[in-house]
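Structure below is work36.pdb: PDB, C-alpha atoms, pLDDT in the B column.
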ATOM      1  CA  MET A 203    -200.281 -17.634   6.273  1.00 80.00           C
ATOM      2  CA  GLU A 204    -196.497 -17.099   6.006  1.00 86.00           C
ATOM      3  CA  VAL A 205    -197.031 -14.869   2.964  1.00 90.00           C
ATOM      4  CA  VAL A 206    -199.498 -12.657   4.842  1.00 92.00           C
ATOM      5  CA  LEU A 207    -197.128 -12.325   7.796  1.00 91.00           C
ATOM      6  CA  ALA A 208    -194.168 -11.540   5.515  1.00 90.00           C
ATOM      7  CA  ALA A 209    -196.110  -8.854   3.642  1.00 93.00           C
ATOM      8  CA  LEU A 210    -197.273  -7.237   6.879  1.00 93.00           C
ATOM      9  CA  LEU A 211    -193.746  -7.301   8.309  1.00 90.00           C
ATOM     10  CA  ILE A 212    -192.282  -5.741   5.160  1.00 90.00           C
ATOM     11  CA  ARG A 213    -194.843  -2.937   5.429  1.00 91.00           C
ATOM     12  CA  ALA A 214    -194.633  -2.834   9.219  1.00 87.00           C
ATOM     13  CA  ASP A 215    -196.539   0.095  10.755  1.00 89.00           C
ATOM     14  CA  GLN A 216    -198.171   0.796   7.385  1.00 93.00           C
ATOM     15  CA  VAL A 217    -201.613  -0.185   6.127  1.00 95.00           C
ATOM     16  CA  VAL A 218    -201.602  -3.135   3.725  1.00 96.00           C
ATOM     17  CA  SER A 219    -204.929  -3.383   1.939  1.00 95.00           C
ATOM     18  CA  VAL A 220    -206.999  -6.535   1.653  1.00 95.00           C
ATOM     19  CA  GLU A 221    -206.610  -6.334  -2.120  1.00 93.00           C
ATOM     20  CA  GLN A 222    -202.811  -6.171  -1.837  1.00 94.00           C
ATOM     21  CA  LEU A 223    -202.723  -9.167   0.490  1.00 94.00           C
ATOM     22  CA  ILE A 224    -204.957 -11.205  -1.797  1.00 93.00           C
ATOM     23  CA  THR A 225    -202.689 -10.396  -4.741  1.00 92.00           C
ATOM     24  CA  GLU A 226    -199.670 -11.343  -2.658  1.00 91.00           C
ATOM     25  CA  MET A 227    -201.264 -14.671  -1.752  1.00 90.00           C
ATOM     26  CA  TRP A 228    -202.729 -15.791  -5.058  1.00 91.00           C
ATOM     27  CA  GLY A 229    -201.691 -13.391  -7.808  1.00 84.00           C
ATOM     28  CA  GLY A 230    -203.941 -13.659 -10.833  1.00 77.00           C
ATOM     29  CA  THR A 231    -205.396 -17.039  -9.851  1.00 84.00           C
ATOM     30  CA  GLN A 232    -207.476 -16.018  -6.851  1.00 85.00           C
ATOM     31  CA  PRO A 233    -209.987 -18.542  -5.434  1.00 87.00           C
ATOM     32  CA  ARG A 234    -213.658 -17.594  -5.319  1.00 86.00           C
ATOM     33  CA  ARG A 235    -213.620 -17.061  -1.564  1.00 92.00           C
ATOM     34  CA  ALA A 236    -210.232 -15.329  -1.421  1.00 92.00           C
ATOM     35  CA  THR A 237    -211.384 -12.592   0.956  1.00 94.00           C
ATOM     36  CA  ALA A 238    -212.888 -15.084   3.398  1.00 94.00           C
ATOM     37  CA  ALA A 239    -209.726 -17.190   3.272  1.00 94.00           C
ATOM     38  CA  LEU A 240    -207.618 -14.097   3.985  1.00 95.00           C
ATOM     39  CA  TYR A 241    -209.753 -13.291   7.036  1.00 94.00           C
ATOM     40  CA  VAL A 242    -209.072 -16.804   8.349  1.00 94.00           C
ATOM     41  CA  TYR A 243    -205.311 -16.396   7.868  1.00 92.00           C
ATOM     42  CA  VAL A 244    -205.304 -13.032   9.638  1.00 94.00           C
ATOM     43  CA  SER A 245    -207.332 -14.485  12.513  1.00 92.00           C
ATOM     44  CA  GLN A 246    -204.845 -17.347  12.870  1.00 91.00           C
ATOM     45  CA  LEU A 247    -201.937 -14.911  12.851  1.00 91.00           C
ATOM     46  CA  ARG A 248    -203.587 -12.783  15.519  1.00 90.00           C
ATOM     47  CA  LYS A 249    -203.964 -15.797  17.789  1.00 87.00           C
ATOM     48  CA  LEU A 250    -200.373 -16.843  17.130  1.00 85.00           C
ATOM     49  CA  LEU A 251    -198.874 -13.424  17.775  1.00 84.00           C
ATOM     50  CA  ALA A 252    -201.032 -12.591  20.786  1.00 76.00           C
ATOM     51  CA  GLY A 253    -199.378 -15.408  22.722  1.00 62.00           C
ATOM     52  CA  ARG A 254    -200.712 -16.808  25.957  1.00 51.00           C
ATOM     53  CA  THR A 255    -201.222 -13.567  27.859  1.00 50.00           C
ATOM     54  CA  GLY A 256    -204.526 -12.730  26.254  1.00 56.00           C
ATOM     55  CA  THR A 257    -203.305  -9.211  25.430  1.00 61.00           C
ATOM     56  CA  PRO A 258    -204.103  -7.735  22.021  1.00 67.00           C
ATOM     57  CA  GLY A 259    -201.679  -8.770  19.304  1.00 79.00           C
ATOM     58  CA  PRO A 260    -199.764  -6.470  16.966  1.00 89.00           C
ATOM     59  CA  ILE A 261    -202.097  -6.873  13.947  1.00 92.00           C
ATOM     60  CA  VAL A 262    -204.659  -4.084  13.864  1.00 92.00           C
ATOM     61  CA  THR A 263    -207.527  -3.568  11.431  1.00 92.00           C
ATOM     62  CA  ARG A 264    -207.199  -0.264   9.563  1.00 93.00           C
ATOM     63  CA  ALA A 265    -209.250   0.489   6.463  1.00 92.00           C
ATOM     64  CA  PRO A 266    -208.749  -0.712   3.804  1.00 94.00           C
ATOM     65  CA  GLY A 267    -206.755  -3.562   5.390  1.00 94.00           C
ATOM     66  CA  TYR A 268    -204.385  -4.281   8.280  1.00 95.00           C
ATOM     67  CA  VAL A 269    -201.354  -2.874  10.087  1.00 95.00           C
ATOM     68  CA  LEU A 270    -198.711  -4.869  11.917  1.00 92.00           C
ATOM     69  CA  ARG A 271    -197.316  -2.690  14.687  1.00 88.00           C
ATOM     70  CA  THR A 272    -193.696  -3.209  15.698  1.00 79.00           C
ATOM     71  CA  GLY A 273    -191.142  -1.534  17.916  1.00 66.00           C
ATOM     72  CA  SER A 274    -188.048  -0.005  16.350  1.00 56.00           C
ATOM     73  CA  ASP A 275    -185.815  -2.744  17.783  1.00 56.00           C
ATOM     74  CA  GLU A 276    -187.997  -5.784  17.123  1.00 58.00           C
ATOM     75  CA  LEU A 277    -186.841  -6.644  13.587  1.00 72.00           C
ATOM     76  CA  ASP A 278    -183.399  -7.787  12.481  1.00 80.00           C
ATOM     77  CA  LEU A 279    -184.057  -5.710   9.365  1.00 84.00           C
ATOM     78  CA  HIS A 280    -183.983  -2.492  11.398  1.00 85.00           C
ATOM     79  CA  GLU A 281    -180.726  -3.521  13.047  1.00 91.00           C
ATOM     80  CA  PHE A 282    -179.239  -4.481   9.669  1.00 92.00           C
ATOM     81  CA  GLN A 283    -180.160  -1.103   8.195  1.00 92.00           C
ATOM     82  CA  ARG A 284    -178.739   0.745  11.220  1.00 94.00           C
ATOM     83  CA  LEU A 285    -175.439  -1.118  10.995  1.00 96.00           C
ATOM     84  CA  VAL A 286    -175.127  -0.454   7.257  1.00 96.00           C
ATOM     85  CA  ARG A 287    -175.772   3.268   7.871  1.00 96.00           C
ATOM     86  CA  ASP A 288    -173.132   3.285  10.604  1.00 97.00           C
ATOM     87  CA  GLY A 289    -170.661   1.569   8.312  1.00 97.00           C
ATOM     88  CA  ARG A 290    -171.260   4.039   5.485  1.00 96.00           C
ATOM     89  CA  GLU A 291    -170.854   7.000   7.832  1.00 97.00           C
ATOM     90  CA  ASN A 292    -167.596   5.631   9.208  1.00 97.00           C
ATOM     91  CA  MET A 293    -166.299   5.064   5.675  1.00 96.00           C
ATOM     92  CA  ARG A 294    -167.068   8.677   4.804  1.00 96.00           C
ATOM     93  CA  ARG A 295    -164.975   9.731   7.813  1.00 96.00           C
ATOM     94  CA  ASP A 296    -162.148   7.324   6.840  1.00 94.00           C
ATOM     95  CA  ALA A 297    -162.777   5.445  10.096  1.00 96.00           C
ATOM     96  CA  HIS A 298    -162.288   2.056   8.480  1.00 96.00           C
ATOM     97  CA  GLU A 299    -161.901  -0.087  11.585  1.00 97.00           C
ATOM     98  CA  PRO A 300    -165.364   0.730  13.013  1.00 97.00           C
ATOM     99  CA  ALA A 301    -166.776   0.609   9.474  1.00 97.00           C
ATOM    100  CA  SER A 302    -165.472  -2.932   9.052  1.00 97.00           C
ATOM    101  CA  ARG A 303    -166.989  -3.987  12.388  1.00 97.00           C
ATOM    102  CA  ALA A 304    -170.372  -2.502  11.434  1.00 97.00           C
ATOM    103  CA  PHE A 305    -170.481  -4.262   8.063  1.00 98.00           C
ATOM    104  CA  GLU A 306    -169.381  -7.568   9.629  1.00 97.00           C
ATOM    105  CA  ALA A 307    -172.143  -7.290  12.221  1.00 97.00           C
ATOM    106  CA  ALA A 308    -174.738  -6.423   9.566  1.00 96.00           C
ATOM    107  CA  LEU A 309    -173.848  -9.422   7.421  1.00 95.00           C
ATOM    108  CA  GLY A 310    -173.794 -11.626  10.518  1.00 93.00           C
ATOM    109  CA  LEU A 311    -177.561 -11.132  10.859  1.00 91.00           C
ATOM    110  CA  TRP A 312    -178.218 -13.011   7.607  1.00 87.00           C
ATOM    111  CA  ARG A 313    -179.283 -16.645   7.619  1.00 76.00           C
ATOM    112  CA  GLY A 314    -179.484 -17.273   3.876  1.00 69.00           C
ATOM    113  CA  PRO A 315    -181.394 -15.748   0.928  1.00 69.00           C
ATOM    114  CA  ALA A 316    -184.149 -13.365   1.966  1.00 69.00           C
ATOM    115  CA  LEU A 317    -187.673 -14.827   1.742  1.00 71.00           C
ATOM    116  CA  SER A 318    -186.493 -17.298  -0.903  1.00 62.00           C
ATOM    117  CA  GLU A 319    -189.594 -19.507  -0.674  1.00 66.00           C
ATOM    118  CA  LEU A 320    -192.133 -16.676  -0.636  1.00 66.00           C
ATOM    119  CA  ARG A 321    -191.100 -14.571  -3.659  1.00 62.00           C
ATOM    120  CA  GLU A 322    -194.315 -14.611  -5.656  1.00 73.00           C
ATOM    121  CA  GLY A 323    -196.203 -11.374  -4.992  1.00 83.00           C
ATOM    122  CA  PRO A 324    -195.074  -7.818  -5.750  1.00 90.00           C
ATOM    123  CA  ILE A 325    -194.573  -6.734  -2.124  1.00 91.00           C
ATOM    124  CA  ILE A 326    -192.356  -9.640  -1.075  1.00 90.00           C
ATOM    125  CA  ASN A 327    -190.522  -9.995  -4.382  1.00 88.00           C
ATOM    126  CA  GLY A 328    -189.764  -6.278  -4.657  1.00 90.00           C
ATOM    127  CA  PHE A 329    -188.572  -6.108  -1.068  1.00 90.00           C
ATOM    128  CA  ALA A 330    -186.409  -9.220  -1.380  1.00 87.00           C
ATOM    129  CA  MET A 331    -184.737  -7.892  -4.541  1.00 89.00           C
ATOM    130  CA  TRP A 332    -183.995  -4.587  -2.806  1.00 91.00           C
ATOM    131  CA  LEU A 333    -182.626  -6.375   0.253  1.00 90.00           C
ATOM    132  CA  ASP A 334    -180.392  -8.572  -1.908  1.00 90.00           C
ATOM    133  CA  GLU A 335    -178.929  -5.430  -3.481  1.00 93.00           C
ATOM    134  CA  VAL A 336    -178.256  -3.863  -0.081  1.00 94.00           C
ATOM    135  CA  ARG A 337    -176.570  -7.071   1.067  1.00 94.00           C
ATOM    136  CA  LEU A 338    -174.417  -7.087  -2.071  1.00 95.00           C
ATOM    137  CA  GLU A 339    -173.448  -3.465  -1.439  1.00 96.00           C
ATOM    138  CA  CYS A 340    -172.635  -4.307   2.175  1.00 97.00           C
ATOM    139  CA  HIS A 341    -170.258  -7.074   1.053  1.00 97.00           C
ATOM    140  CA  GLU A 342    -168.610  -4.680  -1.375  1.00 97.00           C
ATOM    141  CA  MET A 343    -168.136  -1.998   1.284  1.00 98.00           C
ATOM    142  CA  LEU A 344    -166.819  -4.540   3.793  1.00 98.00           C
ATOM    143  CA  VAL A 345    -164.133  -5.665   1.341  1.00 98.00           C
ATOM    144  CA  GLU A 346    -163.308  -2.080   0.389  1.00 96.00           C
ATOM    145  CA  THR A 347    -162.794  -0.951   3.958  1.00 97.00           C
ATOM    146  CA  ASN A 348    -160.704  -4.036   4.773  1.00 97.00           C
ATOM    147  CA  LEU A 349    -158.511  -3.371   1.757  1.00 96.00           C
ATOM    148  CA  ARG A 350    -157.968   0.135   3.120  1.00 94.00           C
ATOM    149  CA  LEU A 351    -156.866  -1.495   6.390  1.00 95.00           C
ATOM    150  CA  GLY A 352    -154.265  -3.617   4.585  1.00 93.00           C
ATOM    151  CA  ARG A 353    -156.156  -6.911   5.021  1.00 95.00           C
ATOM    152  CA  HIS A 354    -155.560  -8.011   1.426  1.00 95.00           C
ATOM    153  CA  ARG A 355    -154.756 -11.663   2.056  1.00 95.00           C
ATOM    154  CA  GLU A 356    -157.749 -12.033   4.377  1.00 96.00           C
ATOM    155  CA  MET A 357    -160.110 -10.887   1.617  1.00 97.00           C
ATOM    156  CA  VAL A 358    -158.982 -13.269  -1.137  1.00 97.00           C
ATOM    157  CA  SER A 359    -161.041 -16.305  -0.105  1.00 96.00           C
ATOM    158  CA  LEU A 360    -164.140 -14.199   0.588  1.00 96.00           C
ATOM    159  CA  LEU A 361    -163.872 -12.562  -2.833  1.00 98.00           C
ATOM    160  CA  HIS A 362    -163.543 -15.914  -4.571  1.00 97.00           C
ATOM    161  CA  GLU A 363    -166.759 -16.971  -2.839  1.00 96.00           C
ATOM    162  CA  LEU A 364    -168.545 -13.736  -3.779  1.00 97.00           C
ATOM    163  CA  ILE A 365    -167.500 -14.088  -7.427  1.00 97.00           C
ATOM    164  CA  ARG A 366    -168.756 -17.663  -7.454  1.00 97.00           C
ATOM    165  CA  ASP A 367    -172.163 -16.434  -6.254  1.00 94.00           C
ATOM    166  CA  HIS A 368    -172.167 -13.243  -8.383  1.00 96.00           C
ATOM    167  CA  PRO A 369    -170.116 -14.018 -11.511  1.00 96.00           C
ATOM    168  CA  LEU A 370    -171.161 -10.845 -13.350  1.00 96.00           C
ATOM    169  CA  HIS A 371    -170.459  -8.355 -10.552  1.00 96.00           C
ATOM    170  CA  GLU A 372    -167.392  -6.503 -11.806  1.00 97.00           C
ATOM    171  CA  ALA A 373    -166.617  -4.769  -8.505  1.00 97.00           C
ATOM    172  CA  PHE A 374    -165.694  -8.092  -6.882  1.00 98.00           C
ATOM    173  CA  TYR A 375    -163.285  -8.929  -9.710  1.00 98.00           C
ATOM    174  CA  ARG A 376    -161.666  -5.520  -9.303  1.00 97.00           C
ATOM    175  CA  GLN A 377    -161.297  -5.987  -5.562  1.00 98.00           C
ATOM    176  CA  LEU A 378    -159.883  -9.496  -5.978  1.00 98.00           C
ATOM    177  CA  MET A 379    -157.344  -8.285  -8.536  1.00 97.00           C
ATOM    178  CA  LEU A 380    -156.217  -5.575  -6.140  1.00 96.00           C
ATOM    179  CA  ALA A 381    -156.088  -7.936  -3.153  1.00 96.00           C
ATOM    180  CA  LEU A 382    -153.988 -10.440  -5.101  1.00 97.00           C
ATOM    181  CA  TYR A 383    -151.642  -7.794  -6.468  1.00 96.00           C
ATOM    182  CA  ARG A 384    -151.014  -6.404  -2.997  1.00 94.00           C
ATOM    183  CA  SER A 385    -150.422  -9.963  -1.781  1.00 94.00           C
ATOM    184  CA  GLU A 386    -147.549 -10.251  -4.297  1.00 93.00           C
ATOM    185  CA  ARG A 387    -149.608 -12.445  -6.634  1.00 95.00           C
ATOM    186  CA  ARG A 388    -149.433 -10.356  -9.768  1.00 95.00           C
ATOM    187  CA  ALA A 389    -149.933 -13.246 -12.217  1.00 96.00           C
ATOM    188  CA  ASP A 390    -153.014 -14.430 -10.311  1.00 97.00           C
ATOM    189  CA  ALA A 391    -154.405 -10.890 -10.365  1.00 97.00           C
ATOM    190  CA  LEU A 392    -154.054 -10.744 -14.157  1.00 97.00           C
ATOM    191  CA  ALA A 393    -155.664 -14.183 -14.465  1.00 97.00           C
ATOM    192  CA  VAL A 394    -158.701 -12.841 -12.584  1.00 98.00           C
ATOM    193  CA  TYR A 395    -159.065 -10.152 -15.255  1.00 97.00           C
ATOM    194  CA  GLN A 396    -159.148 -12.812 -17.963  1.00 97.00           C
ATOM    195  CA  SER A 397    -161.702 -14.788 -15.959  1.00 97.00           C
ATOM    196  CA  ALA A 398    -163.912 -11.692 -15.656  1.00 97.00           C
ATOM    197  CA  ARG A 399    -163.544 -10.964 -19.368  1.00 97.00           C
ATOM    198  CA  SER A 400    -164.544 -14.523 -20.279  1.00 97.00           C
ATOM    199  CA  ALA A 401    -167.591 -14.504 -17.972  1.00 97.00           C
ATOM    200  CA  LEU A 402    -168.870 -11.135 -19.205  1.00 97.00           C
ATOM    201  CA  ASN A 403    -168.310 -12.012 -22.848  1.00 96.00           C
ATOM    202  CA  ARG A 404    -169.891 -15.453 -22.537  1.00 96.00           C
ATOM    203  CA  GLU A 405    -172.972 -14.373 -20.588  1.00 96.00           C
ATOM    204  CA  LEU A 406    -173.588 -10.844 -21.895  1.00 96.00           C
ATOM    205  CA  GLY A 407    -171.404 -10.360 -24.969  1.00 96.00           C
ATOM    206  CA  LEU A 408    -169.633  -7.498 -23.171  1.00 96.00           C
ATOM    207  CA  GLU A 409    -166.060  -6.486 -22.478  1.00 96.00           C
ATOM    208  CA  PRO A 410    -164.955  -5.508 -18.939  1.00 95.00           C
ATOM    209  CA  GLY A 411    -165.773  -1.970 -17.890  1.00 96.00           C
ATOM    210  CA  ARG A 412    -163.394   0.939 -17.649  1.00 96.00           C
ATOM    211  CA  HIS A 413    -162.389   0.364 -14.016  1.00 95.00           C
ATOM    212  CA  LEU A 414    -161.350  -3.227 -14.642  1.00 96.00           C
ATOM    213  CA  ARG A 415    -159.448  -2.312 -17.803  1.00 96.00           C
ATOM    214  CA  GLU A 416    -157.602   0.513 -16.055  1.00 95.00           C
ATOM    215  CA  LEU A 417    -156.710  -1.757 -13.132  1.00 96.00           C
ATOM    216  CA  GLN A 418    -155.323  -4.377 -15.513  1.00 96.00           C
ATOM    217  CA  ARG A 419    -153.103  -1.770 -17.182  1.00 95.00           C
ATOM    218  CA  SER A 420    -151.927  -0.509 -13.793  1.00 95.00           C
ATOM    219  CA  ILE A 421    -151.055  -4.044 -12.673  1.00 95.00           C
ATOM    220  CA  LEU A 422    -149.158  -4.705 -15.915  1.00 94.00           C
ATOM    221  CA  ALA A 423    -147.192  -1.499 -15.295  1.00 92.00           C
ATOM    222  CA  ALA A 424    -146.772  -2.214 -11.545  1.00 87.00           C
ATOM    223  CA  ALA A 425    -148.006   1.329 -10.991  1.00 85.00           C
ATOM    224  CA  ASP A 426    -147.147   2.947  -7.667  1.00 82.00           C
ATOM    225  CA  VAL A 427    -150.743   4.127  -7.291  1.00 77.00           C
ATOM    226  CA  LEU A 428    -151.751   0.552  -6.407  1.00 87.00           C
ATOM    227  CA  ASP A 429    -149.489   0.470  -3.365  1.00 79.00           C
ATOM    228  CA  ILE A 430    -151.795   2.328  -1.024  1.00 68.00           C
ATOM    229  CA  ARG A 431    -150.719   2.484   2.584  1.00 59.00           C
ATOM    230  CA  PRO A 432    -153.120   0.846   5.033  1.00 49.00           C
ATOM    231  CA  ALA A 433    -155.558   3.249   6.684  1.00 49.00           C
ATOM    232  CA  VAL A 434    -155.512   3.747  10.418  1.00 43.00           C
TER     233      VAL A 434
END
Could you spell out this file's structure in structure tokens?
Amino acid sequence: MEVVLAALLIRADQVVSVEQLITEMWGGTQPRRATAALYVYVSQLRKLLAGRTGTPGPIVTRAPGYVLRTGSDELDLHEFQRLVRDGRENMRRDAHEPASRAFEAALGLWRGPALSELREGPIINGFAMWLDEVRLECHEMLVETNLRLGRHREMVSLLHELIRDHPLHEAFYRQLMLALYRSERRADALAVYQSARSALNRELGLEPGRHLRELQRSILAAADVLDIRPAV
């Protein structure tokens, strides 16, 4: 039943066909009475979501399947997307303080990996992968805007945590190198480059990308370009 609800929520206000829901539930190993079982799950969901008032619930039958109707402010997902958009817009305007607040608020809505126990069917799995990428981008933009605000030391522990969770994401290594360098930890910044190089070579047989290599050379040369004044 949780899979059906998740699929309908992901496609909120759109028709999800019976065939799509059956695939989401059972994949290629569908039971003989899959359609009947789906009808039972939908009926149970309708009773659950209708509550005690007796009013019609949000799940509506629409050929060739069902629609779950929601308001624009009923899902944390909508709020998360709005906050990320606000943060991006503020970054484009060099308004880094409100951008930082928006990204912090967006990430504060998360309570762990998205739909981690339901990632079997194409609707849920595809959505969860997309949402993970948006969350990763949000972390990256949060760090970037805080670096522009001169909060280098505050970002070091967060970046160590992000690298632990995403050891092949080069942007986090670059940001950590910069944060350490601006915190007067030049040797530690160069050690991060070697750590990134080892991880990429070990896991993928690759060398660090151009941005990481250029940052390493700039740190070795103590280039003035790295000493960016905090944004207002």
Å distance separating atom CA of A:Val358 from atom CA of A:Glu386, one decimal place: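 Computing the Euclidean distance for atom CA of A:Val358 and atom CA of A:Glu386 yields 12.2 Å.
Using all atoms listed in the file for every distance, the candidate list A:His280, A:Ala209, A:Val242, A:Glu204 yields A:Ala209 as the residue closest to A:Asn327.
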Expansion of the PyMOL selection byres ((chain A and resi 410-425) around 6) into residues, as a list in words: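 Written out, the selection comes to Arg376, Arg399, Glu409, Asp426, Val427 and Leu428 of chain A.
Counting only C-alpha atoms and comparing A:Ala398, A:Leu344, A:Ile326, A:Ile365, the residue that lies closest to A:Val206 is A:Ile326.
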Given the PyMOL selection byres ((chain A and resi 265) around 12), the residues it picks as a ChimeraX atom specification: /A:216-221,262-264,266-269
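Put simply, atom CA of A:Val286 is 6.1 Å away from atom CA of A:Phe305.
Relative to atom CA of A:Gly229, atom CA of A:Leu251 is found at 25.7 Å.
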Long-range neighbours of stretch 366-368 of chain A as a list in words, 12 Å cut-off, all atoms listed in the file, 4 positions minimum in chain: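 Near stretch 366-368 of chain A, the qualifying residues are Pro315, Asp334, Glu335, Leu338, His341, Glu342, Ser359, Leu360, Leu361, His362, Glu372, Ala373, Phe374, Tyr375, Ser397, Ala398, Ala401 and Leu402 of chain A.
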Grab the residues selected above and save them as a PDB file, in the coordinates of the input with C-alpha atoms.
ATOM      1  CA  PRO A 315    -181.394 -15.748   0.928  1.00 69.00           C
ATOM      2  CA  ASP A 334    -180.392  -8.572  -1.908  1.00 90.00           C
ATOM      3  CA  GLU A 335    -178.929  -5.430  -3.481  1.00 93.00           C
ATOM      4  CA  LEU A 338    -174.417  -7.087  -2.071  1.00 95.00           C
ATOM      5  CA  HIS A 341    -170.258  -7.074   1.053  1.00 97.00           C
ATOM      6  CA  GLU A 342    -168.610  -4.680  -1.375  1.00 97.00           C
ATOM      7  CA  SER A 359    -161.041 -16.305  -0.105  1.00 96.00           C
ATOM      8  CA  LEU A 360    -164.140 -14.199   0.588  1.00 96.00           C
ATOM      9  CA  LEU A 361    -163.872 -12.562  -2.833  1.00 98.00           C
ATOM     10  CA  HIS A 362    -163.543 -15.914  -4.571  1.00 97.00           C
ATOM     11  CA  GLU A 372    -167.392  -6.503 -11.806  1.00 97.00           C
ATOM     12  CA  ALA A 373    -166.617  -4.769  -8.505  1.00 97.00           C
ATOM     13  CA  PHE A 374    -165.694  -8.092  -6.882  1.00 98.00           C
ATOM     14  CA  TYR A 375    -163.285  -8.929  -9.710  1.00 98.00           C
ATOM     15  CA  SER A 397    -161.702 -14.788 -15.959  1.00 97.00           C
ATOM     16  CA  ALA A 398    -163.912 -11.692 -15.656  1.00 97.00           C
ATOM     17  CA  ALA A 401    -167.591 -14.504 -17.972  1.00 97.00           C
ATOM     18  CA  LEU A 402    -168.870 -11.135 -19.205  1.00 97.00           C
TER      19      LEU A 402
END
